[in-house]
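Chemist: Contents are mmCIF, C-alpha atoms; file name protein.cif:
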```
data_start
loop_
_atom_site.label_atom_id
_atom_site.label_comp_id
_atom_site.auth_asym_id
_atom_site.auth_seq_id
_atom_site.Cartn_x
_atom_site.Cartn_y
_atom_site.Cartn_z
CA MET A 39 -16.24 0.12 -27.45
CA GLU A 40 -17.66 3.65 -27.69
CA ASP A 41 -17.06 4.23 -23.95
CA GLU A 42 -13.49 2.97 -24.26
CA PHE A 43 -12.87 5.31 -27.18
CA GLN A 44 -14.28 8.27 -25.22
CA LEU A 45 -11.98 7.46 -22.29
CA MET A 46 -9.00 7.24 -24.62
CA TYR A 47 -9.97 10.59 -26.20
CA LEU A 48 -10.32 12.17 -22.73
CA ALA A 49 -6.88 10.91 -21.71
CA SER A 50 -5.35 12.30 -24.91
CA THR A 51 -7.09 15.68 -24.40
CA ILE A 52 -5.84 15.93 -20.79
CA VAL A 53 -2.22 15.28 -21.80
CA GLU A 54 -2.48 17.72 -24.74
CA GLY A 55 -3.91 20.36 -22.40
CA THR A 56 -1.17 19.78 -19.82
CA PHE A 57 1.60 20.17 -22.39
CA ASN A 58 0.03 23.37 -23.76
CA PHE A 59 -0.85 24.93 -20.39
CA PHE A 60 2.58 24.38 -18.82
CA LYS A 61 4.43 24.82 -22.16
CA ILE A 62 6.25 21.50 -21.81
CA GLU A 63 8.99 20.96 -24.37
CA ARG A 64 11.75 18.42 -24.64
CA LYS A 65 15.24 19.36 -25.73
CA ILE A 66 16.87 16.64 -27.81
CA SER A 67 20.24 16.43 -29.49
CA ASN A 68 20.81 15.57 -33.12
CA VAL A 69 23.23 12.81 -32.15
CA GLY A 70 22.18 9.18 -32.25
CA LYS A 71 18.78 7.59 -32.75
CA PRO A 72 15.88 10.03 -32.14
CA PRO A 73 13.86 9.18 -29.00
CA PHE A 74 10.14 8.47 -28.93
CA ASP A 75 7.97 11.57 -28.93
CA LEU A 76 7.57 12.61 -25.28
CA LYS A 77 3.88 13.48 -25.58
CA ASP A 78 3.06 10.14 -27.20
CA MET A 79 4.89 8.24 -24.45
CA ILE A 80 3.13 10.19 -21.69
CA LYS A 81 -0.25 9.56 -23.35
CA LEU A 82 0.46 5.84 -23.53
CA ILE A 83 1.51 5.59 -19.88
CA PHE A 84 -1.26 7.88 -18.60
CA TYR A 85 -3.94 5.95 -20.49
CA GLY A 86 -2.53 2.70 -19.15
CA TYR A 87 -2.71 3.96 -15.57
CA ILE A 88 -6.32 5.10 -16.08
CA ASN A 89 -7.05 1.49 -17.05
CA LYS A 90 -5.13 0.25 -13.98
CA ILE A 91 -2.25 -1.09 -16.06
CA THR A 92 0.93 -0.44 -14.07
CA SER A 93 2.99 -3.32 -15.46
CA THR A 94 5.40 -2.00 -18.10
CA VAL A 95 5.43 -5.42 -19.76
CA GLU A 96 1.64 -5.37 -20.11
CA LEU A 97 1.71 -1.78 -21.32
CA ALA A 98 4.31 -2.60 -23.98
CA TYR A 99 2.13 -5.48 -25.16
CA ASN A 100 -0.93 -3.21 -25.43
CA ALA A 101 1.05 -0.57 -27.31
CA LYS A 102 1.80 -3.21 -29.94
CA TYR A 103 -1.47 -5.12 -30.17
CA ASN A 104 -4.30 -2.98 -28.70
CA HIS A 105 -5.93 -0.62 -31.21
CA LEU A 106 -6.78 2.13 -28.69
CA TYR A 107 -3.30 2.18 -27.17
CA ASN A 108 -1.90 2.20 -30.69
CA LEU A 109 -4.15 5.11 -31.59
CA ILE A 110 -3.44 7.33 -28.57
CA SER A 111 0.34 6.96 -28.94
CA HIS A 112 0.49 7.30 -32.76
CA ALA A 113 1.55 3.67 -33.22
CA ILE A 114 4.79 3.76 -31.24
CA GLU A 115 5.95 0.39 -29.92
CA PRO A 116 8.34 1.01 -27.01
CA SER A 117 9.88 -1.84 -25.02
CA ASP A 118 8.91 -2.40 -21.40
CA ARG A 119 12.36 -1.11 -20.36
CA THR A 120 11.81 2.12 -22.30
CA ILE A 121 8.39 2.60 -20.68
CA ARG A 122 9.96 2.00 -17.27
CA ASP A 123 12.54 4.73 -17.98
CA TYR A 124 9.84 7.21 -19.02
CA CYS A 125 7.88 6.42 -15.86
CA LYS A 126 10.96 7.09 -13.76
CA TYR A 127 12.59 10.09 -15.44
CA PHE A 128 9.46 12.11 -16.25
CA GLN A 129 7.63 11.85 -12.93
CA SER A 130 7.27 15.64 -12.76
CA ILE A 131 5.04 15.60 -15.85
CA TYR A 132 2.55 13.21 -14.22
CA GLN A 133 2.41 15.64 -11.30
CA LEU A 134 1.62 18.45 -13.75
CA ILE A 135 -1.20 16.35 -15.25
CA ILE A 136 -2.82 16.12 -11.81
CA SER A 137 -2.39 19.86 -11.34
CA PHE A 138 -3.89 20.60 -14.76
CA ILE A 139 -6.99 18.48 -14.03
CA LEU A 140 -7.51 20.34 -10.74
CA ILE A 141 -7.02 23.76 -12.35
CA VAL A 142 -9.60 22.93 -15.07
CA ALA A 143 -12.05 21.66 -12.43
CA ASN A 144 -11.80 25.03 -10.69
CA LYS A 145 -12.04 27.07 -13.91
CA ILE A 146 -15.25 25.36 -15.07
CA GLY A 147 -16.86 25.80 -11.66
CA LEU A 148 -16.87 22.16 -10.61
CA THR A 149 -15.46 23.19 -7.22
CA ASP A 150 -13.73 26.04 -5.42
CA PHE A 151 -11.35 23.85 -3.37
CA GLU A 152 -12.40 25.77 -0.27
CA HIS A 153 -12.45 22.73 2.03
CA ILE A 154 -9.84 19.93 1.93
CA ALA A 155 -10.04 16.76 4.03
CA ILE A 156 -6.80 14.97 4.94
CA ASP A 157 -6.35 11.35 5.96
CA GLY A 158 -3.85 8.51 5.69
CA THR A 159 -4.13 4.85 4.76
CA ILE A 160 -1.64 1.99 5.01
CA LYS A 161 -0.94 0.17 1.73
CA ASN A 162 1.05 -3.04 1.41
CA ALA A 163 4.38 -2.74 -0.38
CA TYR A 164 5.11 -4.76 -3.51
CA ASN A 165 7.06 -7.32 -1.53
CA SER A 166 6.35 -10.88 -0.43
CA SER A 167 6.43 -11.40 3.32
CA PHE A 168 8.95 -14.18 2.67
CA ASN A 169 11.27 -12.04 0.53
CA ILE A 170 13.02 -10.24 3.39
CA ILE A 171 16.42 -10.40 5.00
CA LYS A 172 17.14 -9.85 8.67
CA GLU A 173 19.95 -7.93 10.33
CA LYS A 174 21.37 -11.07 11.98
CA ASP A 175 21.50 -12.83 8.58
CA ILE A 176 23.39 -9.92 7.04
CA SER A 177 25.81 -9.98 9.97
CA LEU A 178 26.47 -13.71 9.48
CA LEU A 179 26.94 -13.30 5.72
CA ILE A 180 29.46 -10.48 6.25
CA LYS A 181 31.29 -12.77 8.67
CA HIS A 182 31.27 -15.53 6.02
CA TYR A 183 32.83 -13.36 3.31
CA MET A 184 35.19 -11.23 5.43
CA VAL A 185 36.22 -13.26 8.50
CA GLU A 186 35.67 -17.01 8.18
CA GLU A 187 33.26 -19.23 6.28
CA LEU A 188 30.12 -20.29 8.09
CA ILE A 189 29.81 -23.86 9.29
CA LYS A 190 26.86 -26.04 8.23
CA ASP A 191 24.90 -25.44 11.44
CA GLU A 192 25.21 -21.64 11.00
CA ILE A 193 24.09 -21.87 7.36
CA LYS A 194 21.04 -23.90 8.40
CA LYS A 195 20.00 -21.06 10.74
CA LEU A 196 19.94 -18.54 7.88
CA ARG A 197 16.61 -17.53 6.35
CA ARG A 198 15.84 -18.92 2.91
CA THR A 199 16.60 -15.56 1.25
CA ALA A 200 20.03 -15.41 2.94
CA ARG A 201 20.86 -18.98 1.85
CA LYS A 202 19.78 -18.10 -1.69
CA PHE A 203 22.11 -15.09 -1.62
CA LEU A 204 24.92 -17.31 -0.35
CA ASP A 205 24.39 -19.80 -3.20
CA ASP A 206 24.13 -17.13 -5.92
CA LYS A 207 26.93 -17.79 -8.44
CA SER A 208 26.18 -14.74 -10.62
CA LYS A 209 28.09 -12.38 -8.28
CA ASN A 210 31.62 -12.57 -6.95
CA ASP A 211 32.52 -12.15 -3.28
CA GLY A 212 33.43 -8.48 -3.69
CA GLU A 213 30.07 -7.65 -5.24
CA LYS A 214 28.24 -9.56 -2.50
CA ILE A 215 30.13 -7.71 0.25
CA GLU A 216 29.19 -4.38 -1.35
CA ILE A 217 25.51 -5.39 -1.45
CA LEU A 218 25.57 -6.61 2.16
CA PHE A 219 27.04 -3.36 3.46
CA TYR A 220 24.48 -1.41 1.44
CA TRP A 221 21.68 -3.45 3.06
CA TRP A 222 23.29 -2.89 6.45
CA GLN A 223 23.27 0.89 5.88
CA LEU A 224 19.59 0.78 4.89
CA LEU A 225 18.70 -1.08 8.08
CA ASP A 226 20.78 1.31 10.17
CA TYR A 227 19.00 4.27 8.59
CA SER A 228 15.51 2.77 9.08
CA GLY A 229 16.13 1.56 12.63
CA GLN A 230 14.51 -1.78 11.76
CA VAL A 231 15.85 -5.33 11.92
CA SER A 232 14.31 -6.56 8.64
CA LEU A 233 14.64 -5.31 5.06
CA ALA A 234 12.17 -5.84 2.19
CA LEU A 235 14.29 -7.00 -0.75
CA ASN A 236 11.82 -5.92 -3.45
CA ASP A 237 11.09 -2.52 -1.93
CA HIS A 238 13.88 -1.12 0.24
CA ASP A 239 11.86 1.99 1.14
CA ALA A 240 9.00 0.05 2.74
CA ARG A 241 8.71 -0.19 6.51
CA LEU A 242 6.99 -2.64 8.85
CA MET A 243 3.56 -1.27 9.74
CA LYS A 244 0.48 -2.83 11.27
CA VAL A 245 -2.09 -3.60 8.56
CA LYS A 246 -5.69 -4.74 9.14
CA ASP A 247 -6.40 -8.24 7.86
CA ASN A 248 -9.70 -10.00 8.72
CA GLY A 249 -10.28 -7.64 11.60
CA GLN A 250 -6.80 -8.20 13.09
CA LYS A 251 -3.66 -6.09 12.73
CA TYR A 252 -0.45 -7.71 11.54
CA PRO A 253 2.97 -6.14 10.83
CA LYS A 254 3.65 -6.05 7.08
CA PHE A 255 6.04 -4.08 4.89
CA SER A 256 3.95 -1.10 3.80
CA PHE A 257 3.73 2.61 3.02
CA ASN A 258 1.62 5.27 4.69
CA ILE A 259 -0.32 6.96 1.86
CA GLN A 260 -1.43 10.50 2.75
CA LEU A 261 -4.35 11.92 0.77
CA GLY A 262 -5.81 15.41 0.52
CA THR A 263 -9.35 15.32 -0.96
CA ASP A 264 -11.64 18.17 -1.98
CA THR A 265 -14.87 17.76 0.01
CA LYS A 266 -17.07 19.22 -2.75
CA SER A 267 -15.87 17.50 -5.94
CA LYS A 268 -14.22 14.48 -4.22
CA LEU A 269 -11.14 15.09 -6.39
CA ILE A 270 -7.81 14.06 -4.85
CA CYS A 271 -5.68 17.21 -4.61
CA GLY A 272 -2.48 15.70 -3.26
CA VAL A 273 -0.89 12.33 -2.54
CA ASN A 274 2.21 11.65 -0.48
CA ALA A 275 3.74 8.23 0.29
CA VAL A 276 5.73 8.19 3.54
CA GLN A 277 7.58 5.61 5.61
CA ASN A 278 6.32 6.73 9.01
CA PRO A 279 3.61 4.36 10.33
CA THR A 280 1.72 7.23 12.02
CA ASP A 281 0.12 10.46 10.75
CA HIS A 282 1.53 12.70 13.48
CA TYR A 283 3.77 14.93 11.32
CA GLN A 284 2.42 14.50 7.80
CA ILE A 285 0.36 17.64 7.10
CA PRO A 286 3.18 20.10 6.13
CA ALA A 287 4.61 18.00 3.26
CA LEU A 288 1.15 17.03 1.98
CA MET A 289 -0.18 20.60 2.18
CA ASN A 290 2.84 21.89 0.27
CA GLN A 291 2.02 19.47 -2.54
CA ILE A 292 -1.67 20.43 -2.47
CA LEU A 293 -0.85 24.14 -2.73
CA VAL A 294 1.46 23.50 -5.69
CA ASN A 295 -1.20 21.39 -7.43
CA LEU A 296 -4.11 23.76 -6.84
CA GLN A 297 -2.27 27.08 -7.21
CA ILE A 298 -4.87 28.50 -4.80
CA LYS A 299 -5.10 28.33 -1.00
CA PRO A 300 -7.95 26.33 0.61
CA GLN A 301 -9.83 28.06 3.43
CA LYS A 302 -10.50 24.98 5.58
CA ILE A 303 -8.64 21.79 6.41
CA SER A 304 -10.27 18.81 8.12
CA ALA A 305 -8.21 16.10 9.82
CA ASP A 306 -8.78 13.67 12.68
CA THR A 307 -7.18 14.05 16.10
CA ILE A 308 -4.12 11.91 15.32
CA TYR A 309 -2.81 14.89 13.30
CA SER A 310 -3.04 17.17 16.34
CA THR A 311 0.66 17.89 16.84
CA LEU A 312 2.54 21.18 17.07
CA ALA A 313 4.30 20.59 13.74
CA ASN A 314 1.00 20.12 11.94
CA LEU A 315 -0.71 23.05 13.65
#
```
Take the structure I supplied and represent it as C-alpha coordinates, if you would.
Modeler:
Amino acid sequence: MEDEFQLMYLASTIVEGTFNFFKIERKISNVGKPPFDLKDMIKLIFYGYINKITSTVELAYNAKYNHLYNLISHAIEPSDRTIRDYCKYFQSIYQLIISFILIVANKIGLTDFEHIAIDGTIKNAYNSSFNIIKEKDISLLIKHYMVEELIKDEIKKLRRTARKFLDDKSKNDGEKIEILFYWWQLLDYSGQVSLALNDHDARLMKVKDNGQKYPKFSFNIQLGTDTKSKLICGVNAVQNPTDHYQIPALMNQILVNLQIKPQKISADTIYSTLANL
(Lines of atoms letter the chains of each structure in order from A and count residues from 1; the text may use other names and numbers.)
(Lines give C-alpha, C1' and ligand atoms only; values in the text may rest on other atoms or scores of the structure.)
Protein backbone atom coordinates (compact mmCIF):
# COMPACT_ATOMS: atom_id res chain seq x y z
CA MET A 1 0.00 0.00 0.00
CA GLU A 2 2.91 2.33 0.81
CA ASP A 3 4.41 1.80 -2.68
CA GLU A 4 1.05 2.50 -4.31
CA PHE A 5 0.71 5.70 -2.31
CA GLN A 6 4.22 6.82 -3.32
CA LEU A 7 3.39 6.20 -6.99
CA MET A 8 0.17 8.18 -6.64
CA TYR A 9 2.09 11.03 -4.96
CA LEU A 10 4.71 10.98 -7.74
CA ALA A 11 2.01 11.16 -10.42
CA SER A 12 0.37 14.10 -8.63
CA THR A 13 3.73 15.90 -8.27
CA ILE A 14 4.53 15.44 -11.98
CA VAL A 15 1.19 16.91 -13.07
CA GLU A 16 1.51 19.80 -10.58
CA GLY A 17 5.01 20.51 -11.89
CA THR A 18 3.85 20.40 -15.52
CA PHE A 19 1.03 22.88 -14.89
CA ASN A 20 3.37 25.25 -13.04
CA PHE A 21 6.31 24.97 -15.46
CA PHE A 22 4.26 25.55 -18.61
CA LYS A 23 1.79 27.90 -16.84
CA ILE A 24 -1.23 25.89 -17.97
CA GLU A 25 -4.55 27.58 -17.29
CA ARG A 26 -8.05 26.85 -18.45
CA LYS A 27 -10.44 29.59 -19.48
CA ILE A 28 -14.02 28.82 -18.50
CA SER A 29 -17.22 30.76 -18.92
CA ASN A 30 -19.66 31.56 -16.15
CA VAL A 31 -22.52 30.08 -18.15
CA GLY A 32 -23.89 26.64 -17.33
CA LYS A 33 -22.62 23.96 -14.98
CA PRO A 34 -18.93 24.43 -14.03
CA PRO A 35 -16.66 21.73 -15.52
CA PHE A 36 -14.42 19.42 -13.52
CA ASP A 37 -11.13 20.97 -12.48
CA LEU A 38 -8.70 20.39 -15.37
CA LYS A 39 -5.74 19.52 -13.15
CA ASP A 40 -7.75 16.96 -11.19
CA MET A 41 -8.95 15.30 -14.40
CA ILE A 42 -5.43 15.14 -15.85
CA LYS A 43 -4.12 13.65 -12.59
CA LEU A 44 -6.82 10.98 -12.64
CA ILE A 45 -6.14 10.01 -16.27
CA PHE A 46 -2.34 10.18 -15.94
CA TYR A 47 -2.36 8.02 -12.80
CA GLY A 48 -4.63 5.54 -14.54
CA TYR A 49 -2.27 5.26 -17.49
CA ILE A 50 0.70 4.72 -15.16
CA ASN A 51 -1.25 1.76 -13.78
CA LYS A 52 -2.00 0.57 -17.34
CA ILE A 53 -5.68 1.49 -17.11
CA THR A 54 -6.70 2.80 -20.53
CA SER A 55 -10.38 1.86 -20.35
CA THR A 56 -12.44 4.95 -19.52
CA VAL A 57 -15.12 2.72 -17.99
CA GLU A 58 -12.58 1.15 -15.63
CA LEU A 59 -11.09 4.55 -14.83
CA ALA A 60 -14.52 5.98 -13.97
CA TYR A 61 -15.13 3.02 -11.66
CA ASN A 62 -11.80 3.58 -9.88
CA ALA A 63 -12.49 7.29 -9.50
CA LYS A 64 -15.63 6.37 -7.59
CA TYR A 65 -14.53 3.39 -5.52
CA ASN A 66 -10.69 3.34 -5.32
CA HIS A 67 -9.27 5.39 -2.43
CA LEU A 68 -6.04 6.40 -4.21
CA TYR A 69 -7.80 7.51 -7.38
CA ASN A 70 -10.27 9.37 -5.20
CA LEU A 71 -7.42 11.04 -3.35
CA ILE A 72 -5.37 12.15 -6.37
CA SER A 73 -8.39 13.70 -8.10
CA HIS A 74 -9.92 15.36 -5.00
CA ALA A 75 -12.94 13.03 -5.03
CA ILE A 76 -14.32 13.90 -8.45
CA GLU A 77 -16.50 11.22 -10.03
CA PRO A 78 -16.59 11.81 -13.80
CA SER A 79 -18.45 9.50 -16.17
CA ASP A 80 -16.55 7.35 -18.65
CA ARG A 81 -17.79 9.64 -21.45
CA THR A 82 -16.39 12.70 -19.69
CA ILE A 83 -13.03 10.98 -19.20
CA ARG A 84 -13.02 10.03 -22.88
CA ASP A 85 -13.58 13.69 -23.82
CA TYR A 86 -10.71 14.85 -21.59
CA CYS A 87 -8.43 12.22 -23.14
CA LYS A 88 -9.33 13.46 -26.61
CA TYR A 89 -9.48 17.24 -26.23
CA PHE A 90 -6.48 17.75 -23.94
CA GLN A 91 -3.91 15.55 -25.71
CA SER A 92 -1.43 18.44 -25.83
CA ILE A 93 -1.21 18.45 -22.02
CA TYR A 94 -0.13 14.79 -21.92
CA GLN A 95 2.60 15.72 -24.41
CA LEU A 96 3.71 18.51 -22.06
CA ILE A 97 3.86 16.01 -19.17
CA ILE A 98 6.34 13.90 -21.16
CA SER A 99 8.36 17.00 -21.96
CA PHE A 100 8.38 18.09 -18.31
CA ILE A 101 9.67 14.69 -17.14
CA LEU A 102 12.50 14.84 -19.69
CA ILE A 103 13.42 18.43 -18.77
CA VAL A 104 13.59 17.50 -15.05
CA ALA A 105 15.72 14.44 -15.87
CA ASN A 106 18.20 16.71 -17.62
CA LYS A 107 18.16 19.39 -14.89
CA ILE A 108 18.95 16.91 -12.09
CA GLY A 109 21.79 15.36 -14.09
CA LEU A 110 20.16 12.01 -14.79
CA THR A 111 21.20 12.34 -18.45
CA ASP A 112 22.38 14.86 -21.03
CA PHE A 113 20.33 13.45 -23.94
CA GLU A 114 23.48 13.48 -26.05
CA HIS A 115 22.76 10.16 -27.81
CA ILE A 116 19.29 9.10 -29.02
CA ALA A 117 18.51 5.68 -30.52
CA ILE A 118 15.60 5.38 -32.96
CA ASP A 119 13.66 2.27 -33.89
CA GLY A 120 10.17 1.17 -34.89
CA THR A 121 7.89 -1.64 -33.79
CA ILE A 122 4.61 -2.93 -35.22
CA LYS A 123 1.69 -2.98 -32.78
CA ASN A 124 -1.68 -4.59 -33.44
CA ALA A 125 -4.61 -2.21 -33.77
CA TYR A 126 -7.61 -2.46 -31.45
CA ASN A 127 -9.60 -4.35 -34.05
CA SER A 128 -10.66 -7.96 -34.41
CA SER A 129 -9.41 -9.64 -37.58
CA PHE A 130 -13.05 -10.54 -38.27
CA ASN A 131 -14.36 -7.00 -37.84
CA ILE A 132 -13.36 -5.71 -41.28
CA ILE A 133 -15.15 -4.83 -44.47
CA LYS A 134 -13.78 -5.32 -47.96
CA GLU A 135 -13.96 -3.02 -50.97
CA LYS A 136 -16.04 -5.52 -52.97
CA ASP A 137 -18.59 -5.73 -50.12
CA ILE A 138 -18.91 -1.94 -50.00
CA SER A 139 -19.41 -1.90 -53.77
CA LEU A 140 -22.19 -4.49 -53.54
CA LEU A 141 -23.90 -2.64 -50.67
CA ILE A 142 -23.84 0.63 -52.62
CA LYS A 143 -25.39 -1.23 -55.54
CA HIS A 144 -28.08 -2.60 -53.17
CA TYR A 145 -29.09 0.83 -51.85
CA MET A 146 -28.64 2.92 -55.02
CA VAL A 147 -29.22 0.67 -58.05
CA GLU A 148 -31.10 -2.55 -57.31
CA GLU A 149 -31.48 -4.82 -54.30
CA LEU A 150 -29.10 -7.74 -54.05
CA ILE A 151 -30.41 -11.22 -54.73
CA LYS A 152 -30.03 -14.00 -52.13
CA ASP A 153 -26.94 -15.50 -53.78
CA GLU A 154 -25.19 -12.09 -53.76
CA ILE A 155 -26.08 -11.54 -50.09
CA LYS A 156 -24.64 -14.96 -49.21
CA LYS A 157 -21.30 -13.91 -50.73
CA LEU A 158 -21.04 -10.89 -48.42
CA ARG A 159 -18.77 -11.06 -45.37
CA ARG A 160 -20.49 -11.37 -42.01
CA THR A 161 -19.81 -7.70 -41.19
CA ALA A 162 -21.43 -6.59 -44.47
CA ARG A 163 -24.50 -8.75 -43.85
CA LYS A 164 -24.75 -7.31 -40.34
CA PHE A 165 -24.64 -3.81 -41.81
CA LEU A 166 -27.34 -4.78 -44.30
CA ASP A 167 -29.60 -6.09 -41.50
CA ASP A 168 -29.05 -3.08 -39.21
CA LYS A 169 -32.47 -1.48 -38.59
CA SER A 170 -31.13 1.43 -36.51
CA LYS A 171 -30.13 3.44 -39.61
CA ASN A 172 -32.16 4.44 -42.64
CA ASP A 173 -30.99 3.93 -46.22
CA GLY A 174 -29.72 7.51 -46.55
CA GLU A 175 -27.54 7.17 -43.46
CA LYS A 176 -26.18 3.84 -44.66
CA ILE A 177 -25.28 5.27 -48.08
CA GLU A 178 -23.40 8.13 -46.39
CA ILE A 179 -21.43 5.65 -44.25
CA LEU A 180 -20.64 3.43 -47.25
CA PHE A 181 -19.26 6.33 -49.30
CA TYR A 182 -17.21 7.45 -46.30
CA TRP A 183 -15.72 3.94 -46.03
CA TRP A 184 -15.09 3.98 -49.78
CA GLN A 185 -13.16 7.26 -49.47
CA LEU A 186 -11.06 5.83 -46.63
CA LEU A 187 -10.13 2.80 -48.73
CA ASP A 188 -9.35 5.00 -51.72
CA TYR A 189 -7.08 7.16 -49.56
CA SER A 190 -5.27 4.16 -48.01
CA GLY A 191 -4.89 2.23 -51.26
CA GLN A 192 -6.02 -0.95 -49.50
CA VAL A 193 -8.92 -3.30 -50.20
CA SER A 194 -9.93 -3.89 -46.55
CA LEU A 195 -10.97 -1.49 -43.79
CA ALA A 196 -10.76 -2.06 -40.02
CA LEU A 197 -14.16 -1.04 -38.66
CA ASN A 198 -12.96 -0.36 -35.09
CA ASP A 199 -9.86 1.57 -36.13
CA HIS A 200 -10.10 3.25 -39.53
CA ASP A 201 -6.53 4.58 -39.33
CA ALA A 202 -4.94 1.13 -39.03
CA ARG A 203 -3.26 -0.50 -42.02
CA LEU A 204 -2.46 -4.10 -42.92
CA MET A 205 1.11 -4.85 -41.87
CA LYS A 206 3.04 -8.06 -41.40
CA VAL A 207 3.25 -8.94 -37.69
CA LYS A 208 5.37 -11.72 -36.16
CA ASP A 209 3.34 -14.48 -34.54
CA ASN A 210 5.02 -17.72 -33.38
CA GLY A 211 8.00 -17.04 -35.59
CA GLN A 212 5.88 -16.42 -38.71
CA LYS A 213 4.71 -13.14 -40.21
CA TYR A 214 1.02 -12.58 -40.89
CA PRO A 215 -0.79 -9.49 -42.22
CA LYS A 216 -2.81 -7.81 -39.46
CA PHE A 217 -4.30 -4.36 -39.02
CA SER A 218 -1.60 -2.49 -37.11
CA PHE A 219 0.34 0.72 -36.51
CA ASN A 220 4.05 1.36 -36.88
CA ILE A 221 5.18 2.83 -33.54
CA GLN A 222 8.35 4.92 -33.84
CA LEU A 223 10.37 5.43 -30.66
CA GLY A 224 13.28 7.71 -29.82
CA THR A 225 15.09 6.53 -26.65
CA ASP A 226 17.89 8.17 -24.68
CA THR A 227 20.77 5.68 -24.57
CA LYS A 228 21.97 6.82 -21.13
CA SER A 229 18.79 7.04 -19.03
CA LYS A 230 16.64 4.74 -21.23
CA LEU A 231 13.90 7.39 -21.11
CA ILE A 232 11.63 7.54 -24.17
CA CYS A 233 12.03 11.01 -25.67
CA GLY A 234 9.50 10.77 -28.48
CA VAL A 235 6.76 8.49 -29.79
CA ASN A 236 5.07 8.64 -33.17
CA ALA A 237 2.37 6.27 -34.49
CA VAL A 238 2.34 6.04 -38.30
CA GLN A 239 0.44 4.05 -40.92
CA ASN A 240 3.42 3.23 -43.14
CA PRO A 241 4.53 -0.41 -42.65
CA THR A 242 8.22 0.50 -43.17
CA ASP A 243 10.64 2.86 -41.38
CA HIS A 244 12.08 4.41 -44.54
CA TYR A 245 10.86 8.00 -44.06
CA GLN A 246 10.07 8.23 -40.36
CA ILE A 247 13.02 10.11 -38.80
CA PRO A 248 12.02 13.75 -39.63
CA ALA A 249 8.60 13.67 -37.91
CA LEU A 250 9.93 11.73 -34.91
CA MET A 251 12.98 13.98 -34.52
CA ASN A 252 10.78 17.08 -34.63
CA GLN A 253 8.78 15.68 -31.71
CA ILE A 254 11.96 14.75 -29.81
CA LEU A 255 13.38 18.26 -30.21
CA VAL A 256 10.13 19.81 -28.95
CA ASN A 257 10.06 17.46 -25.95
CA LEU A 258 13.72 17.87 -24.97
CA GLN A 259 14.15 21.56 -25.82
CA ILE A 260 17.81 20.71 -26.49
CA LYS A 261 19.49 19.17 -29.53
CA PRO A 262 21.04 15.66 -29.24
CA GLN A 263 24.55 15.26 -30.65
CA LYS A 264 24.19 11.69 -31.94
CA ILE A 265 21.41 9.64 -33.51
CA SER A 266 21.59 5.85 -33.92
CA ALA A 267 19.31 3.99 -36.34
CA ASP A 268 19.55 0.76 -38.30
CA THR A 269 20.10 0.63 -42.06
CA ILE A 270 16.39 0.54 -42.98
CA TYR A 271 16.31 4.27 -42.13
CA SER A 272 19.06 4.99 -44.66
CA THR A 273 17.08 7.11 -47.12
CA LEU A 274 17.74 10.59 -48.50
CA ALA A 275 14.75 12.05 -46.64
CA ASN A 276 16.03 10.77 -43.31
CA LEU A 277 19.64 11.81 -43.95
Chemist: For the file shown, report as a list in words the outcome of the PyMOL selection byres ((chain A and resi 133) around 10) at residue level.
Modeler: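 This file, filtered by the PyMOL selection byres ((chain A and resi 133) around 10), leaves Phe128, Gln129, Ser130, Ile131, Tyr132, Leu134, Ile135, Ile136, Ser137, Phe138, Gly272, Val273, Gln291, Val294 and Asn295 of chain A.
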Chemist: Could you tell me how far atom CA of Ala305 of chain A lies from atom CA of Gln250 of chain A, in Å and to one decimal?
Modeler: 24.6 Å
Chemist: Just say which residues the PyMOL selection byres ((chain A and resi 256) around 9) picks in this file, as a list in words.
Modeler: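 Evaluating the PyMOL selection byres ((chain A and resi 256) around 9) on this file yields Ile160, Lys161, Asn162, Ala163, Tyr164, Asn165, Asp239, Ala240, Arg241, Leu242, Met243, Lys244, Val245, Pro253, Lys254, Phe255, Phe257, Asn258, Gln277 and Pro279 of chain A.
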Chemist: In Å, with one decimal, what is the gap from atom CA of Asp118 of chain A to atom CA of Gln260 of chain A?
Modeler: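 These two atoms are separated by 29.3 Å.
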Chemist: Applied to this file, what does the PyMOL selection byres ((chain A and resi 171-184) around 6) return in terms of residues, put as a CSV table (one decimal) with C-alpha atoms, in the coordinates of the input?
Modeler:
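See result15.csv below for the written result:
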```csv
chain,number,residue,atom,x,y,z
A,170,ILE,CA,13.0,-10.2,3.4
A,185,VAL,CA,36.2,-13.3,8.5
A,186,GLU,CA,35.7,-17.0,8.2
A,187,GLU,CA,33.3,-19.2,6.3
A,188,LEU,CA,30.1,-20.3,8.1
A,196,LEU,CA,19.9,-18.5,7.9
A,231,VAL,CA,15.8,-5.3,11.9
A,232,SER,CA,14.3,-6.6,8.6
A,233,LEU,CA,14.6,-5.3,5.1
```
Chemist: Give as a ChimeraX atom specification every residue, naming chains and numbers as the document does, that has an atom within 12 Å of (2.0, 19.4, -0.6), counting only C-alpha atoms.
Modeler: /A:133,137,156,260-262,270-275,284-297,299
Chemist: For His282 of chain A, which residue out of A:Tyr309, A:Tyr87, A:Phe203, A:Tyr103 is the nearest one, using only C-alpha atoms?
Modeler: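 Checking each of A:Tyr309, A:Tyr87, A:Phe203, A:Tyr103 against His282 of chain A, counting only C-alpha atoms, the winner is A:Tyr309.
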Chemist: Need the shell around Phe59 of chain A: protein/DNA/RNA residues with any atom at most 12 Å away, counting all atoms listed in the file. Skip same-chain ones fewer than 2 positions apart. Format as a count of residues only?
Modeler: 18
Chemist: Please measure the separation of atom CA of Asn58 of chain A and atom CA of Leu76 of chain A, giving the value in Å to one decimal.
Modeler: 13.2 Å
Chemist: Just checking: using all atoms listed in the file, which residue out of A:Arg198, A:Lys302, A:Arg122, A:Lys268 ends up closest to Thr92 of chain A?
Modeler: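 Using all atoms listed in the file, the shortest distance to Thr92 of chain A belongs to A:Arg122.
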Chemist: Which residues are near Ser310 of chain A? Cut-off 10 Å, only C-alpha atoms, ignore same chain within fewer than 3 positions. Put them as a list in words.
Modeler: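 With the cut-off at 10 Å, the set is Asp281, His282, Tyr283, Ile285, Ala305, Asp306, Thr307, Ala313, Asn314 and Leu315 of chain A.
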Chemist: For Ile114 of chain A, work out the shell of residues within 9 Å, counting all atoms listed in the file and skipping chain neighbours fewer than 5 positions away, then give it as a short mmCIF file (atom, residue, chain, number, x, y, z; two decimals) with C-alpha atoms, in the coordinates of the input.
Modeler:
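Resulting contents of part_5.cif:
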```cif
data_model
loop_
_atom_site.label_atom_id
_atom_site.label_comp_id
_atom_site.auth_asym_id
_atom_site.auth_seq_id
_atom_site.Cartn_x
_atom_site.Cartn_y
_atom_site.Cartn_z
CA PHE A 74 10.14 8.47 -28.93
CA ASP A 75 7.97 11.57 -28.93
CA ASP A 78 3.06 10.14 -27.20
CA MET A 79 4.89 8.24 -24.45
CA ALA A 101 1.05 -0.57 -27.31
CA LYS A 102 1.80 -3.21 -29.94
CA ASN A 108 -1.90 2.20 -30.69
#
```
